[in-house]
$ cat upload_11.txt   # compact mmCIF, C-alpha atoms and all ligand atoms
# COMPACT_ATOMS: atom_id res chain seq x y z
CA MET Q 248 61.13 10.51 144.73
CA ARG Q 249 64.42 11.91 146.03
CA VAL Q 250 66.43 9.57 148.26
CA ALA Q 251 69.60 10.25 150.24
CA VAL Q 252 71.70 7.06 150.22
CA LEU Q 253 74.20 6.88 153.08
CA SER Q 254 76.66 4.13 153.89
CA ASP Q 255 79.41 3.40 156.39
CA ILE Q 256 78.55 6.23 158.76
CA HIS Q 257 80.64 4.48 161.42
CA ALA Q 258 79.46 6.38 164.49
CA ASN Q 259 80.59 9.72 163.05
CA LEU Q 260 77.73 12.04 164.05
CA VAL Q 261 79.47 15.25 162.94
CA ALA Q 262 79.86 13.86 159.40
CA LEU Q 263 76.28 12.54 159.40
CA ASP Q 264 74.88 15.91 160.43
CA ALA Q 265 76.87 17.66 157.69
CA VAL Q 266 75.46 15.22 155.13
CA LEU Q 267 71.87 15.62 156.40
CA ARG Q 268 72.24 19.42 156.13
CA ASP Q 269 73.61 19.04 152.60
CA ALA Q 270 70.77 16.71 151.59
CA GLY Q 271 68.08 19.07 152.87
CA THR Q 272 64.52 17.86 152.46
CA VAL Q 273 64.38 14.41 150.87
CA ASP Q 274 61.58 11.87 150.52
CA ALA Q 275 63.58 9.07 152.15
CA ILE Q 276 66.91 8.24 153.75
CA TRP Q 277 68.28 4.78 152.95
CA HIS Q 278 71.40 3.54 154.76
CA LEU Q 279 73.58 0.65 153.70
CA GLY Q 280 74.95 -0.49 157.05
CA ASP Q 281 78.06 -0.04 159.17
CA VAL Q 282 76.13 2.59 161.07
CA VAL Q 283 78.54 2.10 164.01
CA GLY Q 284 82.10 0.94 164.65
CA TYR Q 285 85.36 3.00 164.54
CA GLY Q 286 83.74 6.32 165.52
CA PRO Q 287 82.97 7.98 168.86
CA ASP Q 288 79.17 8.44 168.78
CA PRO Q 289 77.24 5.23 168.07
CA ASP Q 290 74.17 6.14 170.16
CA GLY Q 291 74.01 9.62 168.63
CA VAL Q 292 74.12 8.29 165.07
CA VAL Q 293 71.45 5.66 165.67
CA ALA Q 294 69.20 8.20 167.42
CA ARG Q 295 69.60 10.64 164.53
CA LEU Q 296 68.80 8.00 161.89
CA ALA Q 297 65.82 6.72 163.87
CA ALA Q 298 64.47 10.26 164.31
CA ALA Q 299 64.90 10.93 160.58
CA GLY Q 300 62.99 7.75 159.73
CA ALA Q 301 65.99 6.25 157.91
CA VAL Q 302 65.60 2.64 156.77
CA GLY Q 303 68.38 0.29 155.79
CA VAL Q 304 70.37 -2.88 156.14
CA THR Q 305 72.93 -4.38 158.47
CA GLY Q 306 76.71 -4.37 158.02
CA ASN Q 307 79.48 -6.44 159.57
CA HIS Q 308 80.07 -3.77 162.25
CA ASP Q 309 76.35 -3.53 163.11
CA ARG Q 310 76.19 -7.30 163.51
CA ALA Q 311 79.25 -7.28 165.75
CA ALA Q 312 77.90 -4.39 167.85
CA ALA Q 313 74.65 -6.31 168.40
CA GLY Q 314 76.71 -9.19 169.82
CA GLY Q 315 77.51 -11.19 166.67
CA ARG Q 316 80.56 -13.39 166.04
CA GLU Q 317 81.61 -11.08 163.18
CA ILE Q 318 83.97 -9.43 165.69
CA ASP Q 319 86.22 -12.53 165.48
CA TRP Q 320 87.15 -11.53 161.90
CA PHE Q 321 88.07 -7.93 162.68
CA ASN Q 322 91.63 -6.59 162.52
CA PRO Q 323 93.09 -5.46 165.88
CA ASP Q 324 92.11 -1.76 165.57
CA ALA Q 325 88.59 -2.57 164.39
CA LYS Q 326 88.25 -5.13 167.18
CA ALA Q 327 89.40 -2.67 169.86
CA ALA Q 328 86.95 -0.06 168.56
CA MET Q 329 84.17 -2.68 168.50
CA GLN Q 330 84.85 -3.73 172.08
CA TRP Q 331 84.62 -0.05 173.05
CA THR Q 332 81.36 0.24 171.06
CA ARG Q 333 79.83 -2.82 172.70
CA GLY Q 334 80.58 -1.46 176.15
CA ARG Q 335 79.20 1.93 175.29
CA ILE Q 336 75.94 1.55 173.38
CA SER Q 337 72.51 1.66 174.97
CA GLU Q 338 70.05 -1.23 174.80
CA THR Q 339 67.93 0.86 172.43
CA THR Q 340 70.87 1.19 170.03
CA ALA Q 341 71.76 -2.50 170.28
CA SER Q 342 68.22 -3.60 169.52
CA TRP Q 343 67.84 -1.09 166.64
CA LEU Q 344 71.06 -2.47 165.12
CA GLY Q 345 70.05 -6.07 165.79
CA ALA Q 346 66.77 -5.60 163.92
CA LEU Q 347 68.38 -4.46 160.63
CA PRO Q 348 67.84 -6.95 157.75
CA GLU Q 349 70.58 -8.27 155.43
CA ARG Q 350 68.75 -7.19 152.30
CA ARG Q 351 66.04 -4.67 151.61
CA THR Q 352 64.07 -4.23 148.40
CA GLU Q 353 61.96 -1.17 147.76
CA GLY Q 354 60.38 -0.82 144.34
CA GLU Q 355 63.09 -1.49 141.77
CA THR Q 356 65.99 -1.10 144.19
CA LEU Q 357 67.90 -3.64 146.27
CA SER Q 358 70.00 -2.43 149.21
CA VAL Q 359 72.81 -4.43 150.83
CA HIS Q 360 75.98 -3.64 152.74
CA GLY Q 361 78.65 -5.82 151.08
CA SER Q 362 77.31 -7.30 147.86
CA PRO Q 363 74.03 -8.78 146.61
CA ARG Q 364 75.81 -12.16 146.52
CA ASP Q 365 77.18 -11.93 150.06
CA PRO Q 366 75.47 -9.03 151.87
CA ILE Q 367 77.60 -8.93 155.00
CA TRP Q 368 81.18 -9.57 153.96
CA GLU Q 369 81.96 -9.42 150.25
CA TYR Q 370 83.83 -6.34 148.96
CA ILE Q 371 82.97 -5.39 145.39
CA THR Q 372 86.41 -4.32 144.20
CA SER Q 373 86.53 -5.62 140.62
CA ALA Q 374 84.37 -6.02 137.54
CA ALA Q 375 84.47 -9.81 138.01
CA ILE Q 376 83.10 -9.60 141.54
CA ALA Q 377 80.50 -7.05 140.42
CA ARG Q 378 79.48 -9.39 137.58
CA ALA Q 379 78.78 -12.25 140.01
CA SER Q 380 76.49 -9.98 142.03
CA LEU Q 381 74.79 -8.31 139.06
CA ASP Q 382 73.87 -11.82 137.87
CA THR Q 383 72.03 -12.54 141.14
CA MET Q 384 69.96 -9.33 141.05
CA THR Q 385 66.26 -9.36 140.21
CA THR Q 386 65.97 -5.56 140.33
CA PRO Q 387 67.65 -3.19 137.84
CA LEU Q 388 69.28 -1.12 140.61
CA GLY Q 389 71.45 -2.33 143.47
CA LEU Q 390 73.01 -0.22 146.24
CA HIS Q 391 76.01 -1.37 148.27
CA GLY Q 392 78.74 -0.01 150.53
CA HIS Q 393 81.48 -1.72 152.60
CA THR Q 394 84.51 -0.61 150.52
CA HIS Q 395 84.09 3.06 151.56
CA ILE Q 396 84.82 4.04 147.93
CA PRO Q 397 82.22 5.69 145.66
CA MET Q 398 81.69 3.59 142.52
CA ALA Q 399 79.26 2.56 139.82
CA TRP Q 400 79.29 -0.89 138.21
CA VAL Q 401 77.26 -0.96 135.01
CA ASP Q 402 76.22 -4.23 133.35
CA ARG Q 403 76.95 -3.77 129.62
CA GLY Q 404 76.12 -7.36 128.75
CA GLU Q 405 79.46 -8.86 127.73
CA ARG Q 406 81.37 -6.64 130.15
CA VAL Q 407 80.92 -4.68 133.39
CA GLU Q 408 81.93 -1.04 133.18
CA ALA Q 409 83.51 0.44 136.34
CA VAL Q 410 82.91 4.15 136.85
CA ALA Q 411 84.72 6.07 139.61
CA PRO Q 412 82.56 9.15 140.20
CA ARG Q 413 83.86 12.51 141.33
CA ALA Q 414 82.02 14.97 143.57
CA GLY Q 415 79.06 16.18 141.54
CA SER Q 416 79.15 13.30 139.03
CA THR Q 417 75.74 12.14 137.84
CA ILE Q 418 74.90 8.73 136.41
CA HIS Q 419 71.80 8.15 134.32
CA LEU Q 420 70.16 4.87 135.15
CA GLY Q 421 68.69 4.41 131.69
CA ASP Q 422 65.54 2.47 130.95
CA GLY Q 423 66.11 -0.22 133.59
CA LYS Q 424 67.44 -2.75 131.04
CA GLU Q 425 71.04 -2.32 132.17
CA ARG Q 426 71.52 -3.45 135.72
CA VAL Q 427 73.60 -1.10 137.84
CA LEU Q 428 75.29 -1.33 141.23
CA LEU Q 429 76.00 1.98 142.97
CA ASN Q 430 78.23 2.62 145.98
CA PRO Q 431 77.64 6.00 147.67
CA GLY Q 432 81.06 5.98 149.38
CA SER Q 433 81.37 6.44 153.13
CA VAL Q 434 79.87 9.17 155.31
CA GLY Q 435 82.06 8.62 158.33
CA GLN Q 436 85.36 7.16 157.10
CA PRO Q 437 86.06 7.72 153.38
CA ARG Q 438 88.93 5.69 151.89
CA ASP Q 439 89.37 7.17 148.41
CA GLY Q 440 91.86 9.84 149.47
CA ASP Q 441 89.20 12.56 149.89
CA PRO Q 442 88.45 13.00 153.61
CA ARG Q 443 85.11 14.73 153.00
CA ALA Q 444 81.90 12.80 153.78
CA SER Q 445 80.43 11.07 150.73
CA TRP Q 446 76.78 10.37 149.89
CA LEU Q 447 74.56 9.60 146.92
CA GLU Q 448 71.43 11.44 145.89
CA LEU Q 449 68.99 9.25 143.95
CA ASP Q 450 66.26 10.80 141.88
CA LEU Q 451 64.08 7.80 141.12
CA ASP Q 452 61.66 9.75 138.92
CA ALA Q 453 64.40 11.21 136.74
CA GLY Q 454 66.36 7.92 136.90
CA SER Q 455 69.63 9.47 138.03
CA GLY Q 456 72.15 9.32 140.84
CA THR Q 457 74.51 12.13 141.89
CA TRP Q 458 77.45 11.78 144.27
CA HIS Q 459 78.14 14.55 146.76
CA ARG Q 460 81.09 15.36 149.04
CA VAL Q 461 80.71 17.47 152.18
CA ALA Q 462 83.40 18.96 154.41
CA TYR Q 463 82.89 18.53 158.16
CA ASP Q 464 84.82 19.26 161.36
CA ILE Q 465 87.22 16.32 161.27
CA GLY Q 466 89.26 17.77 164.17
CA ALA Q 467 86.24 17.67 166.48
CA VAL Q 468 85.69 13.98 165.72
CA GLN Q 469 89.38 13.21 166.18
CA SER Q 470 89.39 14.83 169.64
CA ALA Q 471 86.29 12.89 170.66
CA MET Q 472 88.01 9.69 169.49
CA ARG Q 473 91.19 10.52 171.43
CA ASP Q 474 89.13 11.28 174.55
CA ALA Q 475 87.36 7.94 174.15
CA GLY Q 476 90.71 6.13 173.89
CA LEU Q 477 89.95 4.75 170.41
CA PRO Q 478 92.97 3.42 168.41
CA ILE Q 479 95.23 6.21 167.16
CA ARG Q 480 95.47 4.79 163.63
CA LEU Q 481 91.69 5.15 163.30
CA VAL Q 482 91.95 8.74 164.55
CA GLU Q 483 94.69 9.60 162.04
CA ARG Q 484 93.11 8.08 158.95
CA LEU Q 485 90.08 10.41 159.08
CA ARG Q 486 92.34 13.35 158.22
CA HIS Q 487 93.70 11.61 155.11
CA GLY Q 488 90.57 9.87 153.89
CA ILE Q 489 92.28 6.50 153.60
ZN ZN T 501 82.47 0.03 156.83
$ encode --input "upload_11.txt" --output "structure tokens"
Amino acid sequence: MRVAVLSDIHANLVALDAVLRDAGTVDAIWHLGDVVGYGPDPDGVVARLAAAGAVGVTGNHDRAAAGGREIDWFNPDAKAAMQWTRGRISETTASWLGALPERRTEGETLSVHGSPRDPIWEYITSAAIARASLDTMTTPLGLHGHTHIPMAWVDRGERVEAVAPRAGSTIHLGDGKERVLLNPGSVGQPRDGDPRASWLELDLDAGSGTWHRVAYDIGAVQSAMRDAGLPIRLVERLRHGI
């Protein structure tokens, strides 16, 4: 079974379409939340995911877009973009977002947005934080997003190994005895200094995961954001991937 794992699409339809083209025919599309927020095309992204049969979990931005109090914790740019998003999305989009679960388990894989320990808000940014989540997992494989940075956290027993994958890097998931947390990076707003869209290809039969990076028309998205009156700092950061 070949699965395209996508996270933090953030209403960036041009990036999503580039990733879907790159992925080609897959058996499933799993998303890890933050489908909307920041970007200019929330309805378009939700419609595309729904049409593709994508399944996934909710993120802090999805909760906020569906009317949740999460917006109170947003920084000023994120809050301005979220207010724009709330005023813009259709009822269909709002109810699709509102129906996303916090956690999703399929076979041997758990999907969350933030961390298995705290699915909405926690950022896994260190081996210690990864350890706390790996210890809560009842499946060998966990998938998470939220940091917008591609990563692998591998449970080696006495320590957690942090692996920062490059484009094309493959991780072998072993025999299922070592628990692993994988972050596909962000489709719509990468923050590791590479502005290209990031996604993870899982081959569950071979037991491997491969990270991919895809160039897309960043300028087109930036103009749509300017036209929408979204915060300029959010427009600028797409070009730099930060
Ligand atoms: Zn995000």
$ residues_near_ligand --input "upload_11.txt" --ligand "ligand ZN 501 (chain T)" --cutoff "7 Å" --atoms "only C-alpha atoms and all ligand atoms" --output "PyMOL selection string"
chain Q and resi 255+257+281+393-395
$ closest_residue --input "upload_11.txt" --among "Q:Leu420, Q:Leu428, Q:Ala379, Q:Ile479" --to "His391 of chain Q" --atoms "all atoms listed in the file"
Q:Leu428
$ closest_atom_pairs --input "upload_11.txt" --of "segment 336-403 of chain Q" --to "segment 435-453 of chain Q" --cutoff "10 Å" --atoms "only C-alpha atoms" --output "JSON lines"
{"residue": "Q:Gly354", "atom": "CA", "partner": "Q:Leu451", "partner_atom": "CA", "distance": 9.9}
{"residue": "Q:Glu355", "atom": "CA", "partner": "Q:Leu451", "partner_atom": "CA", "distance": 9.4}
{"residue": "Q:Thr356", "atom": "CA", "partner": "Q:Leu451", "partner_atom": "CA", "distance": 9.6}
{"residue": "Q:Leu390", "atom": "CA", "partner": "Q:Leu447", "partner_atom": "CA", "distance": 10.0}
{"residue": "Q:Thr394", "atom": "CA", "partner": "Q:Arg438", "partner_atom": "CA", "distance": 7.8}
{"residue": "Q:His395", "atom": "CA", "partner": "Q:Pro437", "partner_atom": "CA", "distance": 5.4}
{"residue": "Q:Ile396", "atom": "CA", "partner": "Q:Asp439", "partner_atom": "CA", "distance": 5.5}
{"residue": "Q:Pro397", "atom": "CA", "partner": "Q:Ser445", "partner_atom": "CA", "distance": 7.6}
$ write_last_selection --input "upload_11.txt" --atoms "C-alpha atoms" --output "compact mmCIF listing (two decimals), in the frame of the given file"
# COMPACT_ATOMS: atom_id res chain seq x y z
CA GLY Q 354 60.38 -0.82 144.34
CA GLU Q 355 63.09 -1.49 141.77
CA THR Q 356 65.99 -1.10 144.19
CA LEU Q 390 73.01 -0.22 146.24
CA THR Q 394 84.51 -0.61 150.52
CA HIS Q 395 84.09 3.06 151.56
CA ILE Q 396 84.82 4.04 147.93
CA PRO Q 397 82.22 5.69 145.66
$ atom_distance --input "upload_11.txt" --atom1 "atom CA of Arg295 of chain Q" --atom2 "atom CA of Ala258 of chain Q"
10.7 Å
$ closest_residue --input "upload_11.txt" --among "Q:Val407, Q:Ala294, Q:Leu357, Q:Ala346" --to "Ser373 of chain Q" --atoms "all atoms listed in the file"
Q:Val407
$ residues_around --input "upload_11.txt" --residues "Glu349 of chain Q" --least-positions-apart "4" --cutoff "9 Å" --atoms "all atoms listed in the file" --output "VMD selection string"
chain Q and resid 303 to 306 358 to 360 366 to 367
$ residues_around --input "upload_11.txt" --residues "Ser416 of chain Q" --least-positions-apart "3" --cutoff "8 Å" --atoms "only C-alpha atoms" --output "list of chain:residue names"
Q:Pro412, Q:Arg413, Q:Thr457, Q:Trp458, Q:His459
$ closest_residue --input "upload_11.txt" --among "Q:Gly271, Q:Pro387, Q:Gly456, Q:Gly284" --to "Arg426 of chain Q" --atoms "only C-alpha atoms"
Q:Pro387
$ atom_distance --input "upload_11.txt" --atom1 "atom CA of Ala462 of chain Q" --atom2 "atom CA of Val266 of chain Q"
8.8 Å
$ closest_residue --input "upload_11.txt" --among "Q:Arg378, Q:Gly389, Q:Asp288, Q:Gly432" --to "Ala409 of chain Q" --atoms "all atoms listed in the file"
Q:Arg378
$ atom_distance --input "upload_11.txt" --atom1 "atom CA of Arg268 of chain Q" --atom2 "atom CA of Leu344 of chain Q"
23.7 Å
$ closest_residue --input "upload_11.txt" --among "Q:Val401, Q:Met384, Q:Val461, Q:Ala297" --to "Leu267 of chain Q" --atoms "all atoms listed in the file"
Q:Val461
$ closest_residue --input "upload_11.txt" --among "Q:His278, Q:Arg335, Q:Arg249, Q:His308" --to "Arg350 of chain Q" --atoms "all atoms listed in the file"
Q:His278
$ residues_around --input "upload_11.txt" --residues "Ile371 of chain Q" --least-positions-apart "6" --cutoff "8 Å" --atoms "all atoms listed in the file" --output "list of chain:residue names"
Q:Gly361, Q:Ser362, Q:Ala377, Q:Thr394
